[in-house]
Structures are given as C-alpha cells and as structure tokens.
$ cat coords.tsv   # TSV, C-alpha atoms and all ligand atoms
chain	number	residue	atom	x	y	z
A	1451	MET	CA	104.32	14.94	18.54
A	1452	GLU	CA	105.97	15.36	15.15
A	1453	LYS	CA	103.38	14.76	12.43
A	1454	ASN	CA	103.59	12.18	9.64
A	1455	LYS	CA	106.32	10.15	11.22
A	1456	GLU	CA	105.82	6.62	12.42
A	1457	LYS	CA	106.13	6.43	16.20
A	1458	ILE	CA	105.92	3.62	18.72
A	1459	ILE	CA	102.71	3.97	20.74
A	1460	PHE	CA	102.02	2.03	23.93
A	1461	SER	CA	98.93	1.99	26.12
A	1462	GLY	CA	96.79	-0.34	28.18
A	1463	VAL	CA	93.63	-0.90	30.18
A	1464	GLN	CA	93.10	-2.91	33.35
A	1465	PRO	CA	90.86	-5.94	32.94
A	1466	SER	CA	88.87	-5.23	36.08
A	1467	GLY	CA	85.40	-3.93	36.77
A	1468	GLU	CA	83.33	-2.90	33.80
A	1469	LEU	CA	85.01	-1.03	31.00
A	1470	HIS	CA	82.93	2.00	30.18
A	1471	LEU	CA	82.37	4.91	27.79
A	1472	GLY	CA	85.07	6.90	29.64
A	1473	ASN	CA	87.70	4.27	28.82
A	1474	TYR	CA	86.48	4.15	25.23
A	1475	LEU	CA	86.17	7.89	24.57
A	1476	GLY	CA	89.17	8.96	26.66
A	1477	ALA	CA	91.63	6.34	25.48
A	1478	ILE	CA	90.68	3.39	23.24
A	1479	SER	CA	88.97	5.39	20.47
A	1480	LYS	CA	92.10	7.55	20.24
A	1481	TRP	CA	94.23	4.39	19.85
A	1482	VAL	CA	92.05	3.36	16.91
A	1483	GLU	CA	92.84	6.66	15.17
A	1484	MET	CA	96.56	6.28	15.84
A	1485	GLN	CA	97.01	2.75	14.53
A	1486	ASN	CA	96.85	3.87	10.90
A	1487	GLU	CA	99.92	6.06	11.21
A	1488	HIS	CA	101.95	4.46	13.96
A	1489	LYS	CA	103.30	1.23	15.34
A	1490	CYS	CA	100.91	0.54	18.19
A	1491	ILE	CA	101.13	-1.84	21.12
A	1492	PHE	CA	98.07	-2.30	23.33
A	1493	CYS	CA	98.36	-4.25	26.51
A	1494	VAL	CA	95.78	-5.90	28.75
A	1495	VAL	CA	97.44	-5.04	32.05
A	1496	ASP	CA	96.41	-7.98	34.20
A	1497	TYR	CA	99.16	-7.50	36.78
A	1498	HIS	CA	97.79	-4.02	37.42
A	1499	ALA	CA	94.34	-5.49	38.02
A	1500	ILE	CA	95.56	-7.74	40.86
A	1501	THR	CA	96.72	-4.75	42.91
A	1502	VAL	CA	93.21	-5.01	44.35
A	1503	LYS	CA	91.47	-8.28	45.22
A	1504	GLN	CA	90.16	-10.18	42.19
A	1505	ASP	CA	88.27	-13.43	41.87
A	1506	PRO	CA	90.55	-15.63	39.68
A	1507	GLU	CA	87.67	-16.99	37.59
A	1508	ILE	CA	86.27	-13.53	36.94
A	1509	LEU	CA	89.74	-12.14	36.19
A	1510	ARG	CA	90.27	-14.84	33.55
A	1511	LYS	CA	87.02	-13.75	31.85
A	1512	LYS	CA	87.82	-10.05	32.19
A	1513	ILE	CA	91.19	-10.47	30.45
A	1514	ILE	CA	89.44	-11.94	27.40
A	1515	GLU	CA	86.70	-9.33	27.62
A	1516	ALA	CA	89.22	-6.44	27.64
A	1517	ALA	CA	90.90	-7.80	24.50
A	1518	LYS	CA	87.48	-8.21	22.84
A	1519	ILE	CA	86.76	-4.58	23.73
A	1520	TYR	CA	89.95	-3.51	21.95
A	1521	LEU	CA	88.90	-5.51	18.90
A	1522	ALA	CA	85.28	-4.33	18.96
A	1523	SER	CA	86.53	-0.72	19.20
A	1524	GLY	CA	88.40	-1.21	15.96
A	1525	ILE	CA	91.93	-2.18	16.99
A	1526	ASN	CA	93.11	-4.30	14.10
A	1527	PRO	CA	95.50	-7.09	15.13
A	1528	GLU	CA	97.02	-7.04	11.64
A	1529	LYS	CA	98.20	-3.48	12.27
A	1530	SER	CA	98.60	-3.30	16.06
A	1531	VAL	CA	99.89	-5.65	18.70
A	1532	ILE	CA	97.45	-6.76	21.40
A	1533	PHE	CA	98.92	-8.79	24.26
A	1534	GLN	CA	98.56	-9.74	27.91
A	1535	GLN	CA	101.04	-8.09	30.27
A	1536	SER	CA	101.79	-11.20	32.37
A	1537	ALA	CA	102.79	-13.12	29.22
A	1538	ILE	CA	106.06	-11.16	29.11
A	1539	SER	CA	107.94	-11.45	32.40
A	1540	ALA	CA	110.28	-8.58	31.49
A	1541	HIS	CA	107.52	-6.22	32.74
A	1542	THR	CA	107.83	-7.28	36.37
A	1543	GLU	CA	111.59	-7.65	36.15
A	1544	LEU	CA	112.06	-4.12	34.87
A	1545	ALA	CA	109.54	-2.88	37.45
A	1546	TRP	CA	111.83	-4.25	40.18
A	1547	ILE	CA	114.85	-2.45	38.82
A	1548	LEU	CA	112.87	0.79	38.48
A	1549	ASN	CA	111.68	0.31	42.08
A	1550	CYS	CA	115.28	0.76	43.06
A	1551	ILE	CA	115.50	4.05	41.12
A	1552	ALA	CA	112.19	5.45	42.32
A	1553	ARG	CA	111.92	7.20	45.64
A	1554	ILE	CA	109.21	6.94	48.25
A	1555	SER	CA	108.67	10.68	47.77
A	1556	ASP	CA	107.92	10.12	44.06
A	1557	LEU	CA	105.14	7.67	44.86
A	1558	ASN	CA	103.80	9.74	47.75
A	1559	LYS	CA	102.88	12.40	45.20
A	1560	MET	CA	100.55	10.11	43.23
A	1561	THR	CA	97.04	11.47	43.63
A	1562	GLN	CA	95.36	8.37	42.20
A	1563	PHE	CA	96.79	6.25	45.01
A	1564	LYS	CA	95.51	8.73	47.56
A	1565	ASP	CA	92.05	8.64	45.95
A	1566	LYS	CA	91.96	4.85	45.64
A	1567	ALA	CA	93.40	4.03	49.04
A	1568	GLY	CA	91.44	6.76	50.80
A	1569	LYS	CA	91.52	6.28	54.53
A	1570	LYS	CA	92.76	2.70	54.17
A	1571	GLN	CA	96.33	3.61	53.17
A	1572	GLU	CA	97.82	1.22	55.72
A	1573	SER	CA	95.82	-1.82	54.63
A	1574	VAL	CA	95.78	-1.65	50.82
A	1575	SER	CA	98.33	-3.79	48.95
A	1576	VAL	CA	101.93	-2.71	48.36
A	1577	GLY	CA	101.14	-3.40	44.69
A	1578	LEU	CA	98.53	-0.64	44.61
A	1579	TYR	CA	101.11	1.82	45.91
A	1580	ASP	CA	103.78	0.60	43.52
A	1581	TYR	CA	101.59	0.31	40.43
A	1582	PRO	CA	102.91	3.46	38.66
A	1583	ILE	CA	106.35	1.82	38.61
A	1584	LEU	CA	104.98	-1.25	36.82
A	1585	MET	CA	103.26	1.13	34.40
A	1586	ALA	CA	106.58	2.88	33.76
A	1587	ALA	CA	108.17	-0.52	33.04
A	1588	ASP	CA	105.36	-1.35	30.57
A	1589	ILE	CA	106.04	1.84	28.66
A	1590	LEU	CA	109.85	1.86	28.72
A	1591	LEU	CA	110.34	-1.75	27.60
A	1592	TYR	CA	109.20	-0.99	24.05
A	1593	ASN	CA	111.14	2.21	23.27
A	1594	THR	CA	107.82	3.98	23.33
A	1595	ASP	CA	107.55	7.42	21.76
A	1596	ALA	CA	104.08	8.31	23.00
A	1597	VAL	CA	101.43	7.13	25.46
A	1598	PRO	CA	97.78	8.02	24.73
A	1599	VAL	CA	95.77	7.94	27.97
A	1600	GLY	CA	92.93	9.72	29.72
A	1601	ASP	CA	93.65	12.67	31.93
A	1602	ASP	CA	93.71	10.58	35.17
A	1603	GLN	CA	96.85	8.76	34.00
A	1604	SER	CA	98.91	11.83	33.12
A	1605	GLN	CA	100.69	11.97	36.48
A	1606	HIS	CA	101.76	8.33	36.05
A	1607	VAL	CA	103.18	9.04	32.60
A	1608	GLU	CA	105.03	12.04	34.03
A	1609	LEU	CA	106.54	9.75	36.67
A	1610	CYS	CA	107.59	7.33	33.95
A	1611	ARG	CA	109.41	10.18	32.18
A	1612	LEU	CA	111.10	11.21	35.40
A	1613	LEU	CA	112.31	7.66	36.14
A	1614	ALA	CA	113.60	7.22	32.59
A	1615	LYS	CA	115.56	10.47	32.83
A	1616	ARG	CA	116.91	9.57	36.27
A	1617	PHE	CA	118.02	6.14	35.05
A	1618	ASN	CA	119.65	7.65	31.97
A	1619	SER	CA	121.57	10.20	34.00
A	1620	GLN	CA	122.74	7.57	36.49
A	1621	PHE	CA	123.63	4.74	34.09
A	1622	GLY	CA	123.98	6.37	30.66
A	1623	ASP	CA	121.51	6.80	27.84
A	1624	THR	CA	119.23	3.75	27.95
A	1625	PHE	CA	115.57	4.72	27.70
A	1626	LYS	CA	113.70	6.83	25.19
A	1627	ILE	CA	111.67	9.52	26.99
A	1628	PRO	CA	108.02	8.99	26.05
A	1629	GLU	CA	105.54	11.75	25.35
A	1630	LEU	CA	102.14	12.00	26.99
A	1631	ILE	CA	99.14	12.20	24.64
A	1632	ILE	CA	95.87	13.49	26.08
A	1633	ARG	CA	92.98	14.15	23.76
A	1634	LYS	CA	91.52	17.65	23.72
A	1635	GLU	CA	87.95	16.50	24.32
A	1636	GLY	CA	86.93	13.41	26.24
A	1637	ALA	CA	90.12	13.03	28.31
A	1638	ARG	CA	87.98	13.15	31.45
A	1639	ILE	CA	84.45	11.89	30.99
A	1640	MET	CA	82.51	12.57	34.16
A	1641	GLY	CA	80.05	10.39	36.07
A	1642	LEU	CA	76.42	10.50	34.95
A	1643	ASP	CA	75.30	10.61	38.57
A	1644	ASP	CA	77.86	13.22	39.63
A	1645	PRO	CA	79.47	15.50	37.01
A	1646	ASN	CA	82.14	16.54	39.49
A	1647	LYS	CA	83.70	13.06	39.66
A	1648	LYS	CA	85.15	11.12	36.73
A	1649	MET	CA	83.27	8.19	35.23
A	1650	SER	CA	84.87	5.22	36.92
A	1651	LYS	CA	84.59	1.45	36.94
A	1652	SER	CA	85.06	1.51	40.70
A	1653	ALA	CA	82.21	3.97	41.24
A	1654	GLY	CA	79.79	2.94	43.97
A	1655	SER	CA	76.74	2.96	41.67
A	1656	SER	CA	76.31	1.61	38.13
A	1657	ALA	CA	74.30	4.79	37.41
A	1658	ASN	CA	77.72	6.49	37.27
A	1659	TYR	CA	78.79	4.90	34.00
A	1660	ILE	CA	77.67	3.36	30.73
A	1661	ALA	CA	79.47	0.02	30.54
A	1662	LEU	CA	80.44	-1.03	27.04
A	1663	THR	CA	78.59	-4.27	27.76
A	1664	ASP	CA	75.42	-2.58	29.12
A	1665	LYS	CA	72.18	-3.57	27.43
A	1666	PRO	CA	71.24	-0.68	25.09
A	1667	GLU	CA	67.87	-0.19	26.84
A	1668	ALA	CA	69.60	0.00	30.24
A	1669	ALA	CA	72.09	2.53	28.88
A	1670	MET	CA	69.22	4.66	27.52
A	1671	LYS	CA	67.63	4.70	30.96
A	1672	LYS	CA	70.92	5.78	32.52
A	1673	ILE	CA	71.19	8.70	30.10
A	1674	MET	CA	67.60	9.76	30.74
A	1675	LYS	CA	68.27	9.68	34.48
A	1676	ALA	CA	71.64	11.45	34.26
A	1677	VAL	CA	72.03	14.45	36.54
A	1678	THR	CA	71.52	17.84	34.83
A	1679	ASP	CA	72.33	21.41	35.83
A	1680	SER	CA	70.04	24.23	36.82
A	1681	GLY	CA	68.63	26.37	33.99
A	1682	LYS	CA	67.56	24.83	30.72
A	1683	GLU	CA	69.95	25.93	27.97
A	1684	ILE	CA	72.10	23.34	26.26
A	1685	ILE	CA	75.44	25.09	26.29
A	1686	PHE	CA	79.00	23.97	26.98
A	1687	ASN	CA	80.39	25.57	30.13
A	1688	LYS	CA	82.37	23.25	32.38
A	1689	GLU	CA	82.24	25.54	35.42
A	1690	LYS	CA	78.61	26.61	35.29
A	1691	LYS	CA	77.11	23.57	33.57
A	1692	PRO	CA	79.32	20.55	34.31
A	1693	ALA	CA	76.59	17.93	33.73
A	1694	ILE	CA	75.38	19.25	30.35
A	1695	SER	CA	78.97	19.91	29.23
A	1696	ASN	CA	79.79	16.27	29.98
A	1697	LEU	CA	76.75	14.99	28.07
A	1698	LEU	CA	77.59	17.33	25.16
A	1699	THR	CA	81.12	15.90	25.07
A	1700	ILE	CA	79.81	12.33	24.99
A	1701	TYR	CA	77.27	13.24	22.29
A	1702	SER	CA	79.87	15.08	20.22
A	1703	LEU	CA	82.37	12.21	20.30
A	1704	LEU	CA	79.84	9.44	19.62
A	1705	ALA	CA	78.03	11.31	16.83
A	1706	GLU	CA	81.20	12.99	15.51
A	1707	GLU	CA	79.47	16.38	15.58
A	1708	PRO	CA	81.29	19.40	17.01
A	1709	VAL	CA	79.92	20.75	20.32
A	1710	LYS	CA	79.25	24.15	18.68
A	1711	GLU	CA	76.94	22.51	16.13
A	1712	LEU	CA	75.13	20.65	18.88
A	1713	GLU	CA	74.59	23.88	20.81
A	1714	ASN	CA	72.96	25.37	17.69
A	1715	LYS	CA	70.91	22.24	17.03
A	1716	TYR	CA	69.41	22.33	20.54
A	1717	LYS	CA	68.88	26.08	20.82
A	1718	GLY	CA	65.40	26.61	22.28
A	1719	LYS	CA	65.00	22.92	23.10
A	1720	GLY	CA	64.99	21.38	26.58
A	1721	TYR	CA	67.12	18.85	28.40
A	1722	GLY	CA	64.51	16.16	27.73
A	1723	ASP	CA	64.82	16.39	23.92
A	1724	PHE	CA	68.58	16.48	24.12
A	1725	LYS	CA	68.81	13.47	26.42
A	1726	LYS	CA	66.35	11.47	24.32
A	1727	ASP	CA	68.56	11.94	21.25
A	1728	LEU	CA	71.74	11.17	23.18
A	1729	ALA	CA	70.11	8.03	24.60
A	1730	GLU	CA	69.36	6.88	21.05
A	1731	ILE	CA	72.84	7.65	19.79
A	1732	THR	CA	74.34	5.76	22.73
A	1733	ALA	CA	72.09	2.76	22.12
A	1734	GLU	CA	73.00	2.71	18.42
A	1735	PHE	CA	76.68	2.83	19.31
A	1736	LEU	CA	76.34	-0.03	21.81
A	1737	ILE	CA	74.34	-2.23	19.41
A	1738	LYS	CA	77.06	-1.93	16.76
A	1739	PHE	CA	79.86	-2.30	19.30
A	1740	GLN	CA	78.38	-5.36	20.96
A	1741	LYS	CA	77.67	-7.06	17.64
A	1742	LYS	CA	81.37	-6.86	16.88
A	1743	PHE	CA	82.30	-7.80	20.47
A	1744	ASN	CA	80.22	-10.98	20.21
A	1745	SER	CA	81.70	-11.92	16.84
A	1746	PHE	CA	84.98	-13.03	18.45
A	1747	THR	CA	85.37	-16.34	20.23
A	1748	ASP	CA	87.46	-16.63	23.39
A	1749	GLU	CA	89.83	-18.96	21.55
A	1750	GLU	CA	90.38	-16.45	18.74
A	1751	VAL	CA	91.12	-13.71	21.24
A	1752	LYS	CA	93.60	-15.86	23.19
A	1753	GLU	CA	95.38	-16.64	19.93
A	1754	ILE	CA	95.55	-12.94	19.00
A	1755	MET	CA	97.08	-12.11	22.40
A	1756	ASP	CA	99.57	-15.02	22.24
A	1757	GLU	CA	100.66	-14.00	18.75
A	1758	GLY	CA	100.95	-10.38	19.92
A	1759	ALA	CA	103.24	-11.36	22.80
A	1760	GLU	CA	105.34	-13.52	20.49
A	1761	LYS	CA	105.80	-10.58	18.09
A	1762	ILE	CA	107.13	-8.12	20.68
A	1763	LYS	CA	108.73	-10.28	23.36
A	1764	SER	CA	112.20	-9.90	21.87
A	1765	VAL	CA	111.97	-6.08	22.05
A	1766	ALA	CA	111.16	-6.24	25.77
A	1767	GLU	CA	113.90	-8.78	26.40
A	1768	GLU	CA	116.48	-6.72	24.56
A	1769	THR	CA	115.61	-3.60	26.60
A	1770	LEU	CA	115.79	-5.60	29.82
A	1771	ARG	CA	119.16	-7.08	28.83
A	1772	ARG	CA	120.50	-3.57	28.18
A	1773	VAL	CA	119.17	-2.35	31.52
A	1774	LYS	CA	120.67	-5.30	33.43
A	1775	GLU	CA	124.00	-4.69	31.76
A	1776	ARG	CA	123.93	-0.99	32.72
A	1777	VAL	CA	122.98	-1.77	36.30
A	1778	GLY	CA	125.81	-4.28	36.57
A	1779	VAL	CA	124.02	-7.59	37.13
A	1780	ILE	CA	125.21	-9.13	33.84
A	1781	GLN	CA	128.86	-10.19	33.82
A	1801	LIG	P1	92.57	2.25	33.49
A	1801	LIG	O1	92.36	0.81	33.24
A	1801	LIG	O2	92.07	2.82	34.77
A	1801	LIG	O3	91.92	3.10	32.34
A	1801	LIG	C1	92.19	2.83	30.97
A	1801	LIG	C2	92.23	4.10	30.17
A	1801	LIG	O4	90.97	4.77	30.24
A	1801	LIG	C3	91.18	6.13	30.64
A	1801	LIG	N1	90.02	6.56	31.44
A	1801	LIG	C4	89.27	7.63	31.16
A	1801	LIG	N2	89.34	8.54	30.16
A	1801	LIG	C5	88.41	9.53	30.17
A	1801	LIG	N3	87.44	9.63	31.10
A	1801	LIG	C6	87.33	8.75	32.11
A	1801	LIG	N4	86.37	8.87	33.02
A	1801	LIG	C7	88.28	7.69	32.18
A	1801	LIG	N5	88.48	6.66	33.02
A	1801	LIG	C8	89.53	5.97	32.56
A	1801	LIG	C9	92.44	6.08	31.48
A	1801	LIG	O5	93.06	7.34	31.58
A	1801	LIG	C10	93.27	5.09	30.70
A	1801	LIG	O6	93.93	5.70	29.61
A	1801	LIG	N6	97.36	2.34	34.83
A	1801	LIG	C11	96.48	2.36	33.71
A	1801	LIG	C12	96.74	1.24	32.73
A	1801	LIG	C13	98.15	1.08	32.31
A	1801	LIG	C14	98.79	1.82	31.28
A	1801	LIG	C15	100.13	1.28	31.21
A	1801	LIG	C16	98.39	2.86	30.45
A	1801	LIG	C17	99.05	0.19	32.80
A	1801	LIG	N7	100.23	0.29	32.12
A	1801	LIG	C18	101.05	1.81	30.29
A	1801	LIG	C19	99.34	3.38	29.53
A	1801	LIG	C20	100.63	2.85	29.47
A	1801	LIG	C21	95.05	2.25	34.21
A	1801	LIG	O7	94.82	1.76	35.30
A	1801	LIG	O8	94.12	2.63	33.31

$ encode --input "coords.tsv" --output "structure tokens"
Amino acid sequence: MEKNKEKIIFSGVQPSGELHLGNYLGAISKWVEMQNEHKCIFCVVDYHAITVKQDPEILRKKIIEAAKIYLASGINPEKSVIFQQSAISAHTELAWILNCIARISDLNKMTQFKDKAGKKQESVSVGLYDYPILMAADILLYNTDAVPVGDDQSQHVELCRLLAKRFNSQFGDTFKIPELIIRKEGARIMGLDDPNKKMSKSAGSSANYIALTDKPEAAMKKIMKAVTDSGKEIIFNKEKKPAISNLLTIYSLLAEEPVKELENKYKGKGYGDFKKDLAEITAEFLIKFQKKFNSFTDEEVKEIMDEGAEKIKSVAEETLRRVKERVGVIQ
C-alpha cells in the first residue's frame, strides 16, 4: 500500500462465540494503528454470525460486546466509523447481485467453508456457504482501498477482488479493487492447546484461546497450561518449535518487544520462567482492556453504532445505485 496517503479501510468481526487474543492481535490491534492515517470503517458483521445457529438473546448481547471490544482496543469513534452490518440493507442487496456474478466453482474453493462444514456439508446453512459473497459486498460498498484481516480471511478477500474485477469487466468500471493487508507477525495466532491449529472461537475447548473477556487469573492458568515443544530452549522456529514460537509471538505483540530480544532475554532460562512472565503480561493486558471495556454502557455503544451507520449509509446506497444501474434494473 502506498505510504502516507489516506486510504479507505474496511474490516469486521463476527459477534459470535468469544472474541479472543487471535482476533485482537491478528486484526483489531492493526486497525487501531491504521486509524491515525486512514479513513477506517469497522463493522460488526451480525449477518455473518447467523450463518450458524444463534440464540437471539445472546446474539443481541454479542453485538454490543463486539462493539465494546473495538472501543476497548482503542478504536476511536471520533476518527473511525463503527457500525452494525444489518443496519444498512445495501449489504444484503449487493450480496444478491454478486451472487449472480459468482460461480459455484469460486465458492467450492473456499477452504474455510470446508473446515467449518466438515462432514456436514449437506446440512449446514446455505448462508455459511455463501458468506464470502456477503463479505465481498461489505468491502465493495465503501470503495475500500484495503482490508486488514488475519491470515484465515485472505482467501475471502482474494475472492472479493476476483468478483470486483469480473463485475467491472462485464458491466464497466464500477468497483475499486481492494488490497489485502496481513500483518507480518500475529496474522495466525495458534491454539494454546494445539499449536498446529489456529486459535479459534469455535474451538472445542476453552483451553484453546484466551478470550478478551476471560478473568485475568483464568487466562494466567491457560498460559501456564499451554502446550510446549520438546527441548527447553526459547527460540522462534515455526517448524521445529510451533508452540514456543506461538507464545513468543503473543509475548512480543503484547509487550511490544521484538522476538529476537525475547530470545536473548530467556537464554538459559526454562519454559516455566518464560510462561510465568507471559502469564503476567497477559493478565496486565486483560485488566487494562477490561477496565476500558466496562467503562462503556450498552446505550452509549448502540448510539455509537447508530451514528456510524448514519455517517456512511449514503456511500453504500450510492454504490448500490450505481451497481443496479449497470446491471439494468434501474430504468
Ligand atoms: P472472524 O470474525 O472470524 O475474525 C475476525 C478477525 O480476526 C482474525 N482472526 C485471527 N487472526 C490471527 N489469528 C487467529 N487465530 C485469528 N482468528 C481470527 C480474522 O482473520 C479476522 O480478520 N468473515 C470475517 C468477518 C468479515 C469481514 C468482512 C472482514 C465479514 N465481512 C469484510 C473484513 C472485511 C470473519 O468471519 O472474521
């Protein structure tokens, strides 16, 4: 991405399950950095969340919680827009039109669907299969220049680019082609119980992740119990030492200390010392984070999201109008 030039940035998180350190380190903390230089739009993607069964009462709470997590992470609503996806109906309308541009073969390539649906491909919702198209609509509605996400979303952003190009070549130049932004470190935080699988809110065990709402003492226990590798040196080597490399990445990002410095700091020390320090750093982070999280009322957060939607609705509607005109459904 060209430096020192204001760009339009769009990203989002699903308000489902428990948002965790992976979401924060892989995506949200990067958004916080970007908001000082760019025009940022951060969406709580509630329509994505209902692609799997949700309890309506819990979903309502999770939507507010996701927005509070944005705010507690440092997203400033004076600088960035925070809004709820379902508040702007252009998202689903554009998704329908893009459905008619996308091919079954495009969606059949999506590895996340294969992972999520597993052996139940015939019984999961059509929405789960189609969700990358809704994601493409989210991005394209706002003339987005760049999309900062974790590594697991890169294939979906690539699909968005493909659909935008296909639409442009079929109907004339309409969409800006967005760039994918993946951070160098932290784009794939791995599970604490299994360093070969990503940290995930849909993991079978809560020992897999540190939720941003975990009690600090509980998070410390999870770190102390985290799986380690054979040997005892604290060195970064993803192939040979996936567990320690993952913990080093988390430590480095939370403490803002380069991995190389951490390797030197723990030369000659054991996993126990290293984990004890990381547990403390994690607890300190959560205490600060949760203090801020709890400082917002639900009402305040709803207002921030409503104002956010009000601010950008016209951009989405204008893009949709242009698309409808190109497709031929506006006289
Ligand atoms: P979601 O809700 O699964 O995840 C939100 C963000 O967190 C990142 N992430 C991770 N990063 C590093 N390590 C991990 N273990 C980890 N787990 C999750 C994800 O890559 C993501 O950036 N479809 C999207 C949400 C979405 C969206 C969009 C994103 C909908 N529309 C438009 C960007 C633009 C999703 O389900 O993310």

$ closest_residue --input "coords.tsv" --among "A:Glu1608, A:Glu1775, A:Glu1768, A:Glu1753" --to "ligand LIG 1801 (chain A)" --atoms "all atoms listed in the file"
A:Glu1608

$ residues_near_ligand --input "coords.tsv" --ligand "ligand LIG 1801 (chain A)" --cutoff "6 Å" --atoms "only C-alpha atoms and all ligand atoms" --output "list in words"
Phe1460, Ser1461, Gly1462, Val1463, Gln1464, Gly1472, Asn1473, Gly1476, Ala1477, Val1495, Met1585, Asp1588, Ile1589, Val1597, Val1599, Gly1600, Asp1601, Asp1602, Gln1603, Gly1636, Ala1637, Arg1638, Ile1639, Met1640, Lys1648, Met1649 and Ser1650 of chain A

$ closest_residue --input "coords.tsv" --among "A:Asn1744, A:Asn1714, A:Ser1702, A:Ser1530" --to "Glu1487 in chain A" --atoms "only C-alpha atoms"
A:Ser1530

$ closest_residue --input "coords.tsv" --among "A:Gln1620, A:Glu1667, A:Leu1703, A:Lys1457" --to "Asp1595 in chain A" --atoms "all atoms listed in the file"
A:Lys1457

$ closest_residue --input "coords.tsv" --among "A:Ile1514, A:Ile1694, A:Ile1780, A:Val1751" --to "Gly1722 in chain A" --atoms "all atoms listed in the file"
A:Ile1694

$ atom_distance --input "coords.tsv" --atom1 "CA of Met1670 in chain A" --atom2 "CA of Ala1729 in chain A"
4.5 Å

$ closest_residue --input "coords.tsv" --among "A:Lys1690, A:Gln1740, A:Ile1684, A:Tyr1579" --to "Glu1713 in chain A" --atoms "only C-alpha atoms"
A:Ile1684

$ residues_around --input "coords.tsv" --residues "range 1558-1566 of chain A" --least-positions-apart "2" --cutoff "12 Å" --atoms "all atoms listed in the file" --output "PyMOL selection string"
chain A and resi 1501-1502+1552-1556+1568-1583+1601-1610+1647-1648+1650-1653

$ write_last_selection --input "coords.tsv" --atoms "C-alpha atoms" --output "mmCIF file, keeping the file's coordinate frame"
data_model
loop_
_atom_site.group_PDB
_atom_site.id
_atom_site.type_symbol
_atom_site.label_atom_id
_atom_site.label_comp_id
_atom_site.auth_asym_id
_atom_site.auth_seq_id
_atom_site.Cartn_x
_atom_site.Cartn_y
_atom_site.Cartn_z
ATOM 1 C CA THR A 1501 96.720 -4.750 42.910
ATOM 2 C CA VAL A 1502 93.210 -5.010 44.350
ATOM 3 C CA ALA A 1552 112.190 5.450 42.320
ATOM 4 C CA ARG A 1553 111.920 7.200 45.640
ATOM 5 C CA ILE A 1554 109.210 6.940 48.250
ATOM 6 C CA SER A 1555 108.670 10.680 47.770
ATOM 7 C CA ASP A 1556 107.920 10.120 44.060
ATOM 8 C CA GLY A 1568 91.440 6.760 50.800
ATOM 9 C CA LYS A 1569 91.520 6.280 54.530
ATOM 10 C CA LYS A 1570 92.760 2.700 54.170
ATOM 11 C CA GLN A 1571 96.330 3.610 53.170
ATOM 12 C CA GLU A 1572 97.820 1.220 55.720
ATOM 13 C CA SER A 1573 95.820 -1.820 54.630
ATOM 14 C CA VAL A 1574 95.780 -1.650 50.820
ATOM 15 C CA SER A 1575 98.330 -3.790 48.950
ATOM 16 C CA VAL A 1576 101.930 -2.710 48.360
ATOM 17 C CA GLY A 1577 101.140 -3.400 44.690
ATOM 18 C CA LEU A 1578 98.530 -0.640 44.610
ATOM 19 C CA TYR A 1579 101.110 1.820 45.910
ATOM 20 C CA ASP A 1580 103.780 0.600 43.520
ATOM 21 C CA TYR A 1581 101.590 0.310 40.430
ATOM 22 C CA PRO A 1582 102.910 3.460 38.660
ATOM 23 C CA ILE A 1583 106.350 1.820 38.610
ATOM 24 C CA ASP A 1601 93.650 12.670 31.930
ATOM 25 C CA ASP A 1602 93.710 10.580 35.170
ATOM 26 C CA GLN A 1603 96.850 8.760 34.000
ATOM 27 C CA SER A 1604 98.910 11.830 33.120
ATOM 28 C CA GLN A 1605 100.690 11.970 36.480
ATOM 29 C CA HIS A 1606 101.760 8.330 36.050
ATOM 30 C CA VAL A 1607 103.180 9.040 32.600
ATOM 31 C CA GLU A 1608 105.030 12.040 34.030
ATOM 32 C CA LEU A 1609 106.540 9.750 36.670
ATOM 33 C CA CYS A 1610 107.590 7.330 33.950
ATOM 34 C CA LYS A 1647 83.700 13.060 39.660
ATOM 35 C CA LYS A 1648 85.150 11.120 36.730
ATOM 36 C CA SER A 1650 84.870 5.220 36.920
ATOM 37 C CA LYS A 1651 84.590 1.450 36.940
ATOM 38 C CA SER A 1652 85.060 1.510 40.700
ATOM 39 C CA ALA A 1653 82.210 3.970 41.240
#

$ atom_distance --input "coords.tsv" --atom1 "CA of Gly1720 in chain A" --atom2 "CA of Ala1733 in chain A"
20.4 Å

$ closest_residue --input "coords.tsv" --among "A:Lys1480, A:Lys1626, A:Lys1615, A:Lys1672" --to "Thr1769 in chain A" --atoms "all atoms listed in the file"
A:Lys1626

$ axis_aligned_box --input "coords.tsv" --around "range 1591-1601 of chain A" --padding-each-side "6 Å" --output "AutoDock Vina command-line options"
--center_x 102.0 --center_y 5.5 --center_z 26.8 --size_x 30.2 --size_y 26.4 --size_z 22.2

$ atom_distance --input "coords.tsv" --atom1 "CA of Asp1644 in chain A" --atom2 "CA of Asn1687 in chain A"
15.8 Å

$ residues_around --input "coords.tsv" --residues "Phe1492 in chain A" --least-positions-apart "4" --cutoff "10 Å" --atoms "only C-alpha atoms" --output "MDAnalysis selection string"
chainID A and resid 1459:1463 1478 1481 1517 1520 1525 1527 1530:1535 1755 1758

$ residues_around --input "coords.tsv" --residues "Met1674 in chain A" --least-positions-apart "3" --cutoff "10 Å" --atoms "only C-alpha atoms" --output "compact mmCIF listing (two decimals) with C-alpha atoms, keeping the file's coordinate frame"
# COMPACT_ATOMS: atom_id res chain seq x y z
CA LEU A 1642 76.42 10.50 34.95
CA ALA A 1668 69.60 0.00 30.24
CA ALA A 1669 72.09 2.53 28.88
CA MET A 1670 69.22 4.66 27.52
CA LYS A 1671 67.63 4.70 30.96
CA VAL A 1677 72.03 14.45 36.54
CA THR A 1678 71.52 17.84 34.83
CA TYR A 1721 67.12 18.85 28.40
CA GLY A 1722 64.51 16.16 27.73
CA ASP A 1723 64.82 16.39 23.92
CA PHE A 1724 68.58 16.48 24.12
CA LYS A 1725 68.81 13.47 26.42
CA LYS A 1726 66.35 11.47 24.32
CA ASP A 1727 68.56 11.94 21.25
CA LEU A 1728 71.74 11.17 23.18
CA ALA A 1729 70.11 8.03 24.60

$ residues_around --input "coords.tsv" --residues "Arg1611 in chain A" --least-positions-apart "5" --cutoff "9 Å" --atoms "all atoms listed in the file" --output "list of chain:residue names"
A:Ala1586, A:His1606, A:Arg1616, A:Lys1626, A:Ile1627, A:Pro1628, A:Glu1629
